[in-house]
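This is data22.pdb (PDB, C-alpha atoms).
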ATOM      1  CA  MET A1069      37.301  62.601  49.064
ATOM      2  CA  THR A1070      39.513  65.244  47.537
ATOM      3  CA  PRO A1071      43.046  65.781  48.907
ATOM      4  CA  TRP A1072      42.434  68.802  51.156
ATOM      5  CA  VAL A1073      39.083  67.579  52.403
ATOM      6  CA  ARG A1074      40.739  64.281  53.379
ATOM      7  CA  ARG A1075      43.632  66.064  55.109
ATOM      8  CA  LEU A1076      41.306  68.376  57.034
ATOM      9  CA  VAL A1077      39.025  65.526  58.114
ATOM     10  CA  PHE A1078      42.020  63.494  59.296
ATOM     11  CA  ALA A1079      43.514  66.499  61.107
ATOM     12  CA  ASN A1080      40.242  67.324  62.873
ATOM     13  CA  VAL A1081      39.499  63.717  63.836
ATOM     14  CA  GLY A1082      43.117  63.119  64.861
ATOM     15  CA  VAL A1083      43.195  66.175  67.119
ATOM     16  CA  PHE A1084      39.804  65.196  68.548
ATOM     17  CA  LEU A1085      41.058  61.710  69.414
ATOM     18  CA  LEU A1086      44.273  63.092  70.896
ATOM     19  CA  THR A1087      42.470  65.655  73.057
ATOM     20  CA  THR A1088      39.841  63.103  74.088
ATOM     21  CA  TRP A1089      42.648  60.847  75.273
ATOM     22  CA  ASN A1090      44.265  63.747  77.197
ATOM     23  CA  ARG A1091      41.950  66.751  77.779
ATOM     24  CA  THR A1092      44.752  68.937  79.175
ATOM     25  CA  LEU A1093      46.359  69.088  75.729
ATOM     26  CA  ALA A1094      43.541  71.290  74.395
ATOM     27  CA  GLY A1095      43.775  74.114  76.937
ATOM     28  CA  PRO A1096      46.437  76.331  75.340
ATOM     29  CA  PHE A1097      44.808  75.988  71.906
ATOM     30  CA  VAL A1098      41.214  76.970  72.784
ATOM     31  CA  LEU A1099      40.134  80.388  71.494
ATOM     32  CA  VAL A1100      39.203  82.882  74.202
ATOM     33  CA  PRO A1101      38.787  86.160  72.286
ATOM     34  CA  ALA A1102      39.927  88.327  75.214
ATOM     35  CA  PHE A1103      43.213  86.376  75.316
ATOM     36  CA  ILE A1104      44.069  86.723  71.606
ATOM     37  CA  PRO A1105      46.856  89.277  72.320
ATOM     38  CA  TYR A1106      48.531  86.697  74.583
ATOM     39  CA  ARG A1107      47.656  83.554  72.584
ATOM     40  CA  PRO A1108      47.394  84.611  68.910
ATOM     41  CA  TRP A1109      47.867  81.044  67.636
ATOM     42  CA  THR A1110      44.399  80.202  68.953
ATOM     43  CA  LEU A1111      42.912  82.088  65.977
ATOM     44  CA  LEU A1112      43.949  79.020  63.978
ATOM     45  CA  THR A1113      44.154  76.171  66.469
ATOM     46  CA  TYR A1114      40.583  76.458  67.776
ATOM     47  CA  MET A1115      39.349  75.187  64.385
ATOM     48  CA  PHE A1116      40.839  71.765  65.040
ATOM     49  CA  LEU A1117      39.412  71.283  68.550
ATOM     50  CA  HIS A1118      35.897  70.019  69.244
ATOM     51  CA  ALA A1119      33.712  69.839  72.334
ATOM     52  CA  GLY A1120      32.482  66.292  71.810
ATOM     53  CA  PHE A1121      31.837  63.489  69.381
ATOM     54  CA  MET A1122      28.660  64.978  67.874
ATOM     55  CA  HIS A1123      30.433  68.319  67.406
ATOM     56  CA  VAL A1124      33.287  66.862  65.379
ATOM     57  CA  PHE A1125      30.930  64.420  63.640
ATOM     58  CA  PHE A1126      28.559  67.060  62.247
ATOM     59  CA  ASN A1127      31.393  69.411  61.257
ATOM     60  CA  MET A1128      33.158  66.624  59.383
ATOM     61  CA  VAL A1129      29.925  65.435  57.755
ATOM     62  CA  GLY A1130      29.420  68.983  56.458
ATOM     63  CA  LEU A1131      32.990  69.123  55.204
ATOM     64  CA  TYR A1132      32.658  65.676  53.617
ATOM     65  CA  PHE A1133      29.460  66.530  51.736
ATOM     66  CA  PHE A1134      30.166  70.116  50.660
ATOM     67  CA  GLY A1135      33.958  70.217  50.543
ATOM     68  CA  PRO A1136      34.868  67.951  47.622
ATOM     69  CA  GLN A1137      32.790  69.800  45.021
ATOM     70  CA  VAL A1138      34.038  73.150  46.302
ATOM     71  CA  GLU A1139      37.650  71.928  46.263
ATOM     72  CA  LEU A1140      37.268  70.637  42.709
ATOM     73  CA  ARG A1141      35.783  73.997  41.659
ATOM     74  CA  LEU A1142      38.360  76.213  43.408
ATOM     75  CA  GLY A1143      41.427  73.998  43.352
ATOM     76  CA  GLY A1144      43.259  72.770  46.418
ATOM     77  CA  ARG A1145      45.131  75.947  47.281
ATOM     78  CA  ARG A1146      42.081  78.205  47.065
ATOM     79  CA  PHE A1147      39.930  75.677  48.890
ATOM     80  CA  LEU A1148      42.375  75.603  51.798
ATOM     81  CA  GLY A1149      42.444  79.401  51.738
ATOM     82  CA  LEU A1150      38.639  79.507  51.862
ATOM     83  CA  TYR A1151      38.582  77.087  54.788
ATOM     84  CA  LEU A1152      41.214  78.937  56.809
ATOM     85  CA  VAL A1153      39.913  82.455  56.049
ATOM     86  CA  SER A1154      36.387  81.385  56.995
ATOM     87  CA  GLY A1155      37.635  79.906  60.268
ATOM     88  CA  LEU A1156      39.759  82.975  60.991
ATOM     89  CA  ALA A1157      36.800  85.274  60.313
ATOM     90  CA  GLY A1158      34.766  83.124  62.690
ATOM     91  CA  ALA A1159      37.395  83.673  65.354
ATOM     92  CA  LEU A1160      37.491  87.420  64.758
ATOM     93  CA  LEU A1161      33.714  87.832  64.900
ATOM     94  CA  SER A1162      33.746  85.875  68.152
ATOM     95  CA  ILE A1163      35.239  88.963  69.771
ATOM     96  CA  ALA A1164      31.561  89.739  70.487
ATOM     97  CA  THR A1165      31.807  87.050  73.192
ATOM     98  CA  PRO A1166      35.165  87.986  74.760
ATOM     99  CA  TYR A1167      35.359  85.369  77.516
ATOM    100  CA  ALA A1168      33.726  82.429  75.771
ATOM    101  CA  HIS A1169      35.819  79.330  75.180
ATOM    102  CA  ILE A1170      35.437  78.638  71.466
ATOM    103  CA  VAL A1171      36.335  75.424  69.657
ATOM    104  CA  GLY A1172      35.303  73.773  66.420
ATOM    105  CA  ALA A1173      35.567  73.889  62.674
ATOM    106  CA  SER A1174      32.040  75.263  62.272
ATOM    107  CA  GLY A1175      33.098  78.696  61.018
ATOM    108  CA  ALA A1176      35.393  77.114  58.434
ATOM    109  CA  VAL A1177      32.730  74.595  57.381
ATOM    110  CA  PHE A1178      30.102  77.343  57.139
ATOM    111  CA  GLY A1179      32.400  79.172  54.705
ATOM    112  CA  VAL A1180      32.640  75.996  52.626
ATOM    113  CA  MET A1181      28.847  75.612  52.781
ATOM    114  CA  LEU A1182      28.456  79.194  51.572
ATOM    115  CA  ALA A1183      30.766  78.466  48.625
ATOM    116  CA  TYR A1184      28.732  75.381  47.781
ATOM    117  CA  ALA A1185      25.536  77.443  47.805
ATOM    118  CA  ARG A1186      27.244  80.142  45.726
ATOM    119  CA  TYR A1187      28.210  77.752  42.949
ATOM    120  CA  TRP A1188      25.269  75.326  43.168
ATOM    121  CA  PRO A1189      22.427  77.439  44.607
ATOM    122  CA  HIS A1190      19.638  75.172  43.375
ATOM    123  CA  ALA A1191      21.217  71.900  44.483
ATOM    124  CA  THR A1192      18.895  70.055  46.820
ATOM    125  CA  ILE A1193      20.259  69.083  50.216
ATOM    126  CA  LEU A1194      18.586  67.538  53.239
ATOM    127  CA  MET A1195      18.260  69.882  56.179
ATOM    128  CA  TRP A1196      16.689  68.292  59.249
ATOM    129  CA  PHE A1197      15.409  65.562  56.912
ATOM    130  CA  PHE A1198      13.654  68.036  54.609
ATOM    131  CA  PRO A1199      14.874  68.759  51.058
ATOM    132  CA  VAL A1200      15.832  72.417  50.541
ATOM    133  CA  GLU A1201      17.930  74.280  48.010
ATOM    134  CA  ALA A1202      21.482  75.010  49.109
ATOM    135  CA  ARG A1203      20.907  78.769  48.967
ATOM    136  CA  VAL A1204      17.852  78.438  51.222
ATOM    137  CA  ALA A1205      19.817  76.305  53.683
ATOM    138  CA  VAL A1206      22.531  78.954  53.957
ATOM    139  CA  VAL A1207      19.967  81.709  54.531
ATOM    140  CA  MET A1208      18.274  79.577  57.194
ATOM    141  CA  MET A1209      21.579  78.799  58.917
ATOM    142  CA  ALA A1210      22.553  82.474  58.878
ATOM    143  CA  ALA A1211      19.163  83.477  60.313
ATOM    144  CA  LEU A1212      19.513  80.884  63.075
ATOM    145  CA  ALA A1213      23.019  82.121  63.873
ATOM    146  CA  ILE A1214      21.865  85.753  64.006
ATOM    147  CA  PHE A1215      18.919  84.855  66.212
ATOM    148  CA  GLY A1216      21.094  82.641  68.418
ATOM    149  CA  GLY A1217      23.896  85.188  68.649
ATOM    150  CA  PHE A1218      21.687  88.104  69.597
ATOM    151  CA  GLY A1219      18.911  86.150  71.298
ATOM    152  CA  GLY A1220      21.169  84.280  73.688
ATOM    153  CA  THR A1221      19.620  80.920  72.875
ATOM    154  CA  GLN A1222      21.638  77.729  72.846
ATOM    155  CA  PRO A1223      24.380  78.505  75.329
ATOM    156  CA  GLY A1224      27.639  76.881  74.326
ATOM    157  CA  VAL A1225      27.087  77.416  70.591
ATOM    158  CA  ALA A1226      29.476  79.874  68.907
ATOM    159  CA  HIS A1227      26.875  81.640  66.760
ATOM    160  CA  PHE A1228      29.204  84.534  65.970
ATOM    161  CA  ALA A1229      31.852  82.078  64.747
ATOM    162  CA  HIS A1230      29.228  80.671  62.371
ATOM    163  CA  LEU A1231      28.355  84.142  61.102
ATOM    164  CA  GLY A1232      32.035  84.968  60.787
ATOM    165  CA  GLY A1233      32.538  81.816  58.736
ATOM    166  CA  PHE A1234      29.838  82.939  56.326
ATOM    167  CA  ALA A1235      31.302  86.458  56.165
ATOM    168  CA  GLY A1236      34.867  85.214  55.676
ATOM    169  CA  GLY A1237      33.759  82.772  52.984
ATOM    170  CA  TYR A1238      31.840  85.509  51.175
ATOM    171  CA  LEU A1239      34.794  87.929  51.243
ATOM    172  CA  PHE A1240      37.239  85.224  50.177
ATOM    173  CA  LEU A1241      35.080  84.239  47.203
ATOM    174  CA  ARG A1242      34.539  87.854  46.162
ATOM    175  CA  ILE A1243      38.273  88.568  46.182
ATOM    176  CA  ALA A1244      39.142  85.247  44.491
ATOM    177  CA  GLU A1245      36.567  85.808  41.756
ATOM    178  CA  ALA A1246      37.742  89.398  41.204
ATOM    179  CA  ARG A1247      41.320  88.165  40.737
ATOM    180  CA  SER A1248      40.381  85.301  38.409
ATOM    181  CA  PRO A1249      40.463  85.787  34.673
ATOM    182  CA  ALA A1250      36.993  85.827  33.116
TER     183      ALA A1250
END

As structure tokens, please, write out the structure in this file.
Amino acid sequence: MTPWVRRLVFANVGVFLLTTWNRTLAGPFVLVPAFIPYRPWTLLTYMFLHAGFMHVFFNMVGLYFFGPQVELRLGGRRFLGLYLVSGLAGALLSIATPYAHIVGASGAVFGVMLAYARYWPHATILMWFFPVEARVAVVMMAALAIFGGFGGTQPGVAHFAHLGGFAGGYLFLRIAEARSPA
């Protein structure tokens, strides 16, 4: 694992274990979009909370598989920026669900997945046990998030946070690439 991927995995798993041990610790750090004016720190802290073992497991598996190559490509500082901007954009797009309680690193991980697909679009990954190109996987995940967000399927899934993660990752990469020397 690369340095920032390792730190983020340890932070997410550590917070998960801590809040599993004492559930009341999570309360003030959960993102409720309507409460952002009163609890602005939740725009960041929600990314490190998870609703259960499978939630943290799949987010960290995604970070573990996609993150190291992206971190090596962008460098540690830009990788961390991508992760945090993607998660923040996920929080901001979640304003569409003002009273939902939102937790998880999914938006941040989706931004990392988008970067992976941007730089290695033809790389084959397994999605639901089927090999697909990374670019196809991102399009499929975005379509599922749009359908889920507007179709109301899968209650308890922060589809708009996922879409926000993709949007934040895209904007971050566009700005970073525009500022980079050719």

Any idea what's packed within 7 Å of stretch 1132-1146 of chain A, counting only C-alpha atoms, ignoring anything in its chain fewer than 2 positions away? Could you give it as a ChimeraX atom specification? /A:1069-1070,1072-1073,1128-1130,1148-1150,1180-1181,1183-1184

Could you work out how far atom CA of A:Val1124 lies from atom CA of A:Val1081, giving the answer in Å with one decimal?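 Rounded to one decimal, the two atoms are 7.1 Å apart.
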
Determine the residue membership of the PyMOL selection byres ((chain A and resi 1090-1100) around 10) for the file above and supply it as a PDB file with C-alpha atoms, in the frame of the given file.
ATOM      1  CA  VAL A1083      43.195  66.175  67.119  1.00  0.00           C
ATOM      2  CA  PHE A1084      39.804  65.196  68.548  1.00  0.00           C
ATOM      3  CA  LEU A1085      41.058  61.710  69.414  1.00  0.00           C
ATOM      4  CA  LEU A1086      44.273  63.092  70.896  1.00  0.00           C
ATOM      5  CA  THR A1087      42.470  65.655  73.057  1.00  0.00           C
ATOM      6  CA  THR A1088      39.841  63.103  74.088  1.00  0.00           C
ATOM      7  CA  TRP A1089      42.648  60.847  75.273  1.00  0.00           C
ATOM      8  CA  PRO A1101      38.787  86.160  72.286  1.00  0.00           C
ATOM      9  CA  ALA A1102      39.927  88.327  75.214  1.00  0.00           C
ATOM     10  CA  PHE A1103      43.213  86.376  75.316  1.00  0.00           C
ATOM     11  CA  ILE A1104      44.069  86.723  71.606  1.00  0.00           C
ATOM     12  CA  ARG A1107      47.656  83.554  72.584  1.00  0.00           C
ATOM     13  CA  PRO A1108      47.394  84.611  68.910  1.00  0.00           C
ATOM     14  CA  TRP A1109      47.867  81.044  67.636  1.00  0.00           C
ATOM     15  CA  THR A1110      44.399  80.202  68.953  1.00  0.00           C
ATOM     16  CA  LEU A1111      42.912  82.088  65.977  1.00  0.00           C
ATOM     17  CA  LEU A1112      43.949  79.020  63.978  1.00  0.00           C
ATOM     18  CA  THR A1113      44.154  76.171  66.469  1.00  0.00           C
ATOM     19  CA  TYR A1114      40.583  76.458  67.776  1.00  0.00           C
ATOM     20  CA  MET A1115      39.349  75.187  64.385  1.00  0.00           C
ATOM     21  CA  PHE A1116      40.839  71.765  65.040  1.00  0.00           C
ATOM     22  CA  LEU A1117      39.412  71.283  68.550  1.00  0.00           C
ATOM     23  CA  HIS A1118      35.897  70.019  69.244  1.00  0.00           C
ATOM     24  CA  ALA A1159      37.395  83.673  65.354  1.00  0.00           C
ATOM     25  CA  SER A1162      33.746  85.875  68.152  1.00  0.00           C
ATOM     26  CA  ILE A1163      35.239  88.963  69.771  1.00  0.00           C
ATOM     27  CA  THR A1165      31.807  87.050  73.192  1.00  0.00           C
ATOM     28  CA  PRO A1166      35.165  87.986  74.760  1.00  0.00           C
ATOM     29  CA  TYR A1167      35.359  85.369  77.516  1.00  0.00           C
ATOM     30  CA  ALA A1168      33.726  82.429  75.771  1.00  0.00           C
ATOM     31  CA  HIS A1169      35.819  79.330  75.180  1.00  0.00           C
ATOM     32  CA  ILE A1170      35.437  78.638  71.466  1.00  0.00           C
ATOM     33  CA  VAL A1171      36.335  75.424  69.657  1.00  0.00           C
ATOM     34  CA  GLY A1172      35.303  73.773  66.420  1.00  0.00           C
TER      35      GLY A1172
END

Minimum-distance residue to A:Val1207, chosen among A:Pro1189, A:Gly1224, A:Gly1236, A:Gly1120 (using only C-alpha atoms): A:Pro1189

Expand the PyMOL selection byres ((chain A and resi 1201) around 9) into the individual residues it matches in the shown file, reporting them as a VMD selection string. chain A and resid 1185 1188 to 1194 1199 to 1200 1202 to 1206

Rounded to one decimal, what separation in Å do you get between atom CA of A:Leu1239 and atom CA of A:Ile1214?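 About the pair atom CA of A:Leu1239 and atom CA of A:Ile1214: they are 18.3 Å apart.
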
Which neighbours of A:Ala1157 fall inside 12 Å, counting only C-alpha atoms, when residues of the same chain fewer than 2 positions from it are skipped, and could you give them as a PyMOL selection string? chain A and resi 1111-1112+1115+1149-1155+1159-1163+1173-1179+1228-1240
